[in-house]
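Source file: input35.cif; contents: mmCIF, C-alpha atoms and all ligand atoms.
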data_input
#
loop_
_atom_site.label_atom_id
_atom_site.label_comp_id
_atom_site.auth_asym_id
_atom_site.auth_seq_id
_atom_site.Cartn_x
_atom_site.Cartn_y
_atom_site.Cartn_z
CA MET A 9 0.00 0.00 0.00
CA PHE A 10 2.81 2.42 0.89
CA LYS A 11 4.47 1.65 -2.41
CA HIS A 12 1.25 2.46 -4.23
CA TYR A 13 0.93 5.87 -2.59
CA PHE A 14 4.59 6.57 -3.21
CA SER A 15 4.14 5.90 -6.92
CA PHE A 16 1.13 8.20 -6.98
CA LEU A 17 3.14 10.94 -5.28
CA ILE A 18 5.90 10.66 -7.86
CA VAL A 19 3.40 10.90 -10.72
CA ALA A 20 1.65 13.89 -9.13
CA LEU A 21 4.93 15.70 -8.57
CA SER A 22 6.00 14.99 -12.13
CA VAL A 23 2.76 16.45 -13.49
CA LEU A 24 3.07 19.54 -11.30
CA LEU A 25 6.65 20.11 -12.33
CA PHE A 26 6.20 19.33 -16.01
CA PHE A 27 3.06 21.24 -16.94
CA PRO A 28 4.17 24.74 -15.96
CA LEU A 29 7.24 24.18 -18.14
CA VAL A 30 5.12 23.12 -21.10
CA GLN A 31 2.85 26.11 -20.64
CA ALA A 32 5.79 28.47 -20.50
CA LEU A 33 7.32 27.05 -23.66
CA ALA A 34 4.04 27.13 -25.54
CA VAL A 35 3.75 30.93 -25.51
CA GLY A 36 6.01 32.94 -27.78
CA PRO A 37 8.44 34.59 -28.03
CA VAL A 38 7.86 34.49 -31.78
CA ILE A 39 4.41 34.53 -33.34
CA ILE A 40 3.06 33.82 -36.79
CA ASN A 41 1.72 37.25 -37.68
CA GLU A 42 0.65 37.09 -41.32
CA ILE A 43 0.01 34.35 -43.87
CA MET A 44 0.00 34.67 -47.65
CA TYR A 45 -1.33 31.25 -48.52
CA ASP A 46 -3.28 31.87 -51.72
CA LEU A 47 -2.03 34.53 -54.10
CA GLN A 48 -3.78 35.72 -57.21
CA GLY A 49 -2.84 33.19 -59.86
CA THR A 50 -0.17 30.61 -59.14
CA ASP A 51 1.04 30.13 -55.59
CA THR A 52 4.04 28.01 -56.46
CA ASP A 53 7.27 29.66 -55.19
CA HIS A 54 5.39 32.82 -54.08
CA GLU A 55 3.94 31.90 -50.67
CA TRP A 56 5.26 33.53 -47.50
CA VAL A 57 4.60 33.83 -43.78
CA GLU A 58 5.51 36.82 -41.63
CA ILE A 59 6.71 36.16 -38.11
CA LYS A 60 7.24 38.66 -35.28
CA ASN A 61 9.41 38.62 -32.17
CA ILE A 62 7.05 39.83 -29.45
CA SER A 63 9.61 39.46 -26.66
CA ASP A 64 11.99 42.14 -25.38
CA GLN A 65 15.06 40.13 -26.33
CA ALA A 66 16.59 39.16 -29.66
CA VAL A 67 15.68 35.65 -30.80
CA ASP A 68 18.04 33.48 -32.83
CA LEU A 69 16.12 31.19 -35.21
CA LYS A 70 19.12 28.94 -35.81
CA ASP A 71 17.92 25.33 -36.18
CA TRP A 72 14.26 26.35 -35.93
CA ARG A 73 11.78 24.79 -38.37
CA PHE A 74 8.68 25.92 -40.23
CA TYR A 75 5.96 23.26 -40.19
CA ASP A 76 3.21 22.97 -42.79
CA GLY A 77 2.51 19.26 -42.46
CA SER A 78 6.22 18.51 -42.36
CA ASN A 79 9.21 20.32 -40.91
CA HIS A 80 11.35 22.61 -43.06
CA LEU A 81 14.71 24.04 -42.04
CA LEU A 82 15.12 27.83 -42.06
CA ASN A 83 18.04 28.63 -44.37
CA GLU A 84 20.35 31.24 -42.87
CA PRO A 85 20.55 34.32 -45.09
CA PRO A 86 22.00 34.84 -47.62
CA GLN A 87 21.40 31.19 -48.49
CA ASN A 88 19.01 30.76 -51.41
CA GLY A 89 18.69 34.50 -51.86
CA GLY A 90 17.62 35.44 -48.34
CA GLN A 91 18.65 38.72 -46.73
CA GLY A 92 19.33 39.85 -43.17
CA SER A 93 19.99 37.19 -40.55
CA LEU A 94 18.32 34.57 -38.40
CA ILE A 95 18.44 36.91 -35.41
CA ILE A 96 15.20 38.82 -34.95
CA ALA A 97 15.37 42.00 -32.90
CA PRO A 98 12.84 42.67 -30.13
CA GLY A 99 9.62 43.69 -31.81
CA GLY A 100 11.13 42.84 -35.19
CA TYR A 101 9.67 41.01 -38.17
CA ALA A 102 10.97 38.39 -40.57
CA VAL A 103 9.46 36.89 -43.68
CA LEU A 104 9.72 33.15 -44.18
CA ALA A 105 9.50 32.58 -47.91
CA ASP A 106 9.04 29.49 -50.00
CA LYS A 107 11.62 31.04 -52.32
CA ALA A 108 13.48 34.02 -50.86
CA ASP A 109 14.67 35.25 -54.27
CA VAL A 110 11.15 35.07 -55.69
CA PHE A 111 9.77 36.98 -52.68
CA LEU A 112 12.33 39.75 -53.21
CA ALA A 113 11.52 39.87 -56.92
CA ASP A 114 7.84 40.16 -55.99
CA HIS A 115 8.63 42.94 -53.48
CA PRO A 116 11.27 45.22 -55.04
CA GLY A 117 13.10 47.34 -52.48
CA PHE A 118 12.02 45.21 -49.53
CA GLY A 119 14.52 45.96 -46.76
CA GLY A 120 13.54 43.53 -44.02
CA ILE A 121 14.68 40.05 -43.12
CA VAL A 122 13.80 37.35 -45.65
CA ILE A 123 14.52 33.75 -44.72
CA ASP A 124 14.30 31.04 -47.34
CA THR A 125 12.57 27.82 -46.39
CA VAL A 126 10.09 25.43 -48.00
CA MET A 127 6.34 25.81 -47.75
CA SER A 128 3.26 24.55 -49.50
CA LEU A 129 0.23 26.24 -47.97
CA ASN A 130 -3.10 24.60 -48.66
CA ASN A 131 -5.74 26.92 -50.09
CA THR A 132 -8.58 25.40 -48.07
CA GLU A 133 -7.10 25.07 -44.60
CA GLU A 134 -3.77 24.29 -43.00
CA THR A 135 -2.04 24.13 -39.64
CA VAL A 136 1.29 25.92 -39.60
CA GLN A 137 3.77 25.93 -36.75
CA LEU A 138 7.10 27.30 -35.64
CA ILE A 139 9.34 24.67 -34.08
CA ASP A 140 12.35 25.77 -32.04
CA GLN A 141 15.83 24.24 -31.97
CA SER A 142 14.76 21.79 -29.26
CA GLY A 143 11.73 20.58 -31.19
CA ASN A 144 9.17 22.52 -29.15
CA SER A 145 6.16 23.95 -30.93
CA ILE A 146 6.45 27.69 -30.25
CA GLU A 147 3.50 28.73 -32.33
CA LYS A 148 0.59 26.92 -33.93
CA ILE A 149 -2.02 28.50 -36.17
CA ASN A 150 -4.80 26.85 -38.11
CA TYR A 151 -6.25 28.97 -40.92
CA GLN A 152 -9.05 28.32 -43.33
CA LYS A 153 -10.15 30.09 -46.49
CA GLU A 154 -13.33 31.43 -44.89
CA MET A 155 -11.12 33.78 -42.88
CA GLY A 156 -10.22 35.69 -46.06
CA GLY A 157 -7.27 36.01 -48.40
CA ASN A 158 -8.72 33.30 -50.59
CA GLY A 159 -6.93 33.90 -53.90
CA ASN A 160 -7.78 37.61 -54.06
CA GLY A 161 -4.29 39.00 -53.51
CA TYR A 162 -4.82 39.78 -49.82
CA SER A 163 -3.13 38.01 -46.91
CA LEU A 164 -4.40 36.92 -43.51
CA GLU A 165 -3.21 39.20 -40.72
CA ARG A 166 -3.18 38.66 -36.98
CA THR A 167 -5.10 41.45 -35.25
CA GLY A 168 -2.77 41.71 -32.25
CA ASP A 169 0.29 40.14 -30.65
CA PHE A 170 -1.83 38.29 -28.12
CA SER A 171 -4.94 37.93 -30.24
CA MET A 172 -5.99 34.62 -31.75
CA GLN A 173 -7.89 36.46 -34.44
CA PHE A 174 -6.85 36.69 -38.08
CA CYS A 175 -8.52 38.98 -40.60
CA GLU A 176 -7.96 39.78 -44.25
CA SER A 177 -5.40 42.48 -44.95
CA ASN A 178 -6.85 45.68 -46.35
CA GLN A 179 -3.78 46.25 -48.49
CA LEU A 180 -3.26 44.30 -51.69
CA GLY A 181 -0.24 42.04 -51.19
CA GLY A 182 -0.50 42.31 -47.40
CA SER A 183 2.08 44.00 -45.17
CA PRO A 184 5.21 41.82 -45.10
CA GLY A 185 7.79 43.16 -42.65
CA GLN A 186 5.40 45.84 -41.42
CA ALA A 187 2.66 46.26 -38.85
CA ASN A 188 -0.58 44.63 -39.89
CA ASN A 189 -3.46 46.63 -41.30
CA PHE A 190 -6.58 44.55 -41.66
CA ASP A 191 -10.29 44.54 -42.19
CA CYS A 192 -12.40 42.16 -40.15
CA ASN A 193 -15.57 41.30 -41.98
CA ILE A 194 -15.60 37.89 -40.37
CA LEU A 195 -14.41 37.41 -36.82
CA PHE A 196 -12.14 34.45 -36.44
CA TYR A 197 -10.16 33.04 -33.59
CA ALA A 198 -7.43 30.63 -34.60
CA ASP A 199 -6.42 27.91 -32.20
CA SER A 200 -2.87 28.95 -31.56
CA PHE A 201 -1.44 27.40 -28.39
CA VAL A 202 -4.53 25.19 -28.05
CA ASP A 203 -4.74 21.77 -29.60
CA SER A 204 -8.25 21.91 -30.96
CA ASP A 205 -9.90 22.63 -34.27
CA GLU A 206 -12.64 24.89 -33.01
CA TYR A 207 -13.40 28.21 -34.60
CA ALA A 208 -15.59 31.06 -33.55
CA TYR A 209 -17.38 33.29 -35.99
CA ALA A 210 -19.48 36.36 -35.59
CA ASN A 211 -21.30 38.22 -38.31
CA ASP A 212 -21.77 41.68 -36.87
CA GLY A 213 -18.79 43.07 -38.77
CA ASN A 214 -17.18 44.40 -35.64
CA CYS A 215 -13.51 43.91 -35.14
CA PHE A 216 -11.86 43.76 -31.79
CA SER A 217 -8.80 42.15 -30.37
CA CA A 301 -3.73 31.23 -55.97
CA CA A 302 -1.40 28.00 -51.48
CA CA A 303 2.53 42.35 -41.54
#

Transcribe the structure of this file into structure tokens.
Ligand SMILES: [Ca+2]
Ligand SMILES: [Ca+2]
Ligand SMILES: [Ca+2]
Amino acid sequence: MFKHYFSFLIVALSVLLFFPLVQALAVGPVIINEIMYDLQGTDTDHEWVEIKNISDQAVDLKDWRFYDGSNHLLNEPPQNGGQGSLIIAPGGYAVLADKADVFLADHPGFGGIVIDTVMSLNNTEETVQLIDQSGNSIEKINYQKEMGGNGNGYSLERTGDFSMQFCESNQLGGSPGQANNFDCNILFYADSFVDSDEYAYANDGNCFS
């Protein structure tokens, strides 16, 4: 009997010690801030995702992965035509591009960080994640076409650093490397940090975050 209770104590302590760590790791410091998953015309080579460092310290993305159903290494600029570095300043942005050179050709004069990786973003719905160097999921967003940006040249933009809501950009081509500027005709809360596939809609046209 004593042995039984001792085992229970060990399990309980393990749970108490482990879960706060998991919770801490599951939030930031880098968020997926904007998703260009369905461009006008062909998507091949042109897709990109904007990420943002919402912490007050620089974050080094060395050995991080972008996940879109499988993990893809982030190529350190200037590999494959990227520019800048893997180190994101506090409050800073970076664009993860399927083809960094194609992104820069699509956005002449772009001065921000562009990191080449591999992505194939489904035009109906997809779960995308950022995986850190230890294999932890730092960010997890599930989008679907009903949120907007469905082949019309507009991206999906997060409405705030700590918001789970994504709305269609109100600027053709989105706002890569810049603060988001969006229009919420449909309210949507993505399931970042939470392992579920539930969505919430409202139809009153109001936008809040
Ligand atoms: Ca398209
Ligand atoms: Ca696509
Ligand atoms: Ca943006």

Could you pull out the residues sitting within 10 Å of ligand CA 303 (chain A), using all atoms listed in the file, and write them as a PyMOL selection string?
chain A and resi 40-43+57-60+101-103+163-167+177+182-190

Using all atoms listed in the file, find each protein or nucleic acid residue lying at most 12 Å from ligand CA 302 (chain A); present the set as number ranges by chain.
A: 43-57, 76, 106, 127-134, 151-153, 157-161, 163

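Comparing A:Tyr162, A:Leu112, A:Glu154, A:Glu84 by their smallest distance to ligand CA 301 (chain A), the closest is A:Tyr162 (using only C-alpha atoms and all ligand atoms).
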
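The coordinates place atom CA of A:Leu138 at 21.6 Å from atom CA of A:Asp109.
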
For atom CA of A:Ser171 and atom CA of A:Ser63, determine how far apart the two atoms are, in Å to one decimal place.
15.1 Å

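Candidate residues A:Glu147, A:Tyr75, A:Gly181, A:Asp124 were compared for distance to A:Leu104, and the nearest is A:Asp124, using all atoms listed in the file.
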
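In this model, the gap between atom CA of A:Gly99 and atom CA of A:Gln141 comes to 20.4 Å.
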
Selection as a ChimeraX atom specification: residues within 8 Å of (20.2, 38.0, -32.8), counting all atoms listed in the file:
/A:66-68,93-97

Writing out the chosen residues with C-alpha atoms as an mmCIF file, in the frame of the given file:
data_model
loop_
_atom_site.group_PDB
_atom_site.id
_atom_site.type_symbol
_atom_site.label_atom_id
_atom_site.label_comp_id
_atom_site.auth_asym_id
_atom_site.auth_seq_id
_atom_site.Cartn_x
_atom_site.Cartn_y
_atom_site.Cartn_z
ATOM 1 C CA ALA A 66 16.590 39.160 -29.660
ATOM 2 C CA VAL A 67 15.680 35.650 -30.800
ATOM 3 C CA ASP A 68 18.040 33.480 -32.830
ATOM 4 C CA SER A 93 19.990 37.190 -40.550
ATOM 5 C CA LEU A 94 18.320 34.570 -38.400
ATOM 6 C CA ILE A 95 18.440 36.910 -35.410
ATOM 7 C CA ILE A 96 15.200 38.820 -34.950
ATOM 8 C CA ALA A 97 15.370 42.000 -32.900
#

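Near A:Gln137, within 10 Å and counting only C-alpha atoms, sit A:Ile39, A:Ile40, A:Arg73, A:Phe74, A:Tyr75, A:Asp76, A:Gly77, A:Ser78, A:Asn79, A:Glu134, A:Thr135, A:Ile139, A:Asp140, A:Asn144, A:Ser145, A:Ile146, A:Glu147, A:Lys148, A:Ile149, A:Asn150, A:Ser200, A:Phe201, not including residues fewer than 2 positions from it in the same chain.
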
From the list A:Pro98, A:Pro85, A:Asp191, A:Val126, the nearest residue to A:Pro37 using only C-alpha atoms is A:Pro98

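Between A:Asn61 and the candidates A:Gly100, A:Phe111, A:Thr125, A:Asp169, the tightest atom-to-atom separation, counting only C-alpha atoms, involves A:Gly100.
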
Considering all atoms listed in the file, state which residue in the set A:Gly89, A:Lys107, A:Gly168, A:His115 is at the smallest distance from A:Ile62.
A:Gly168
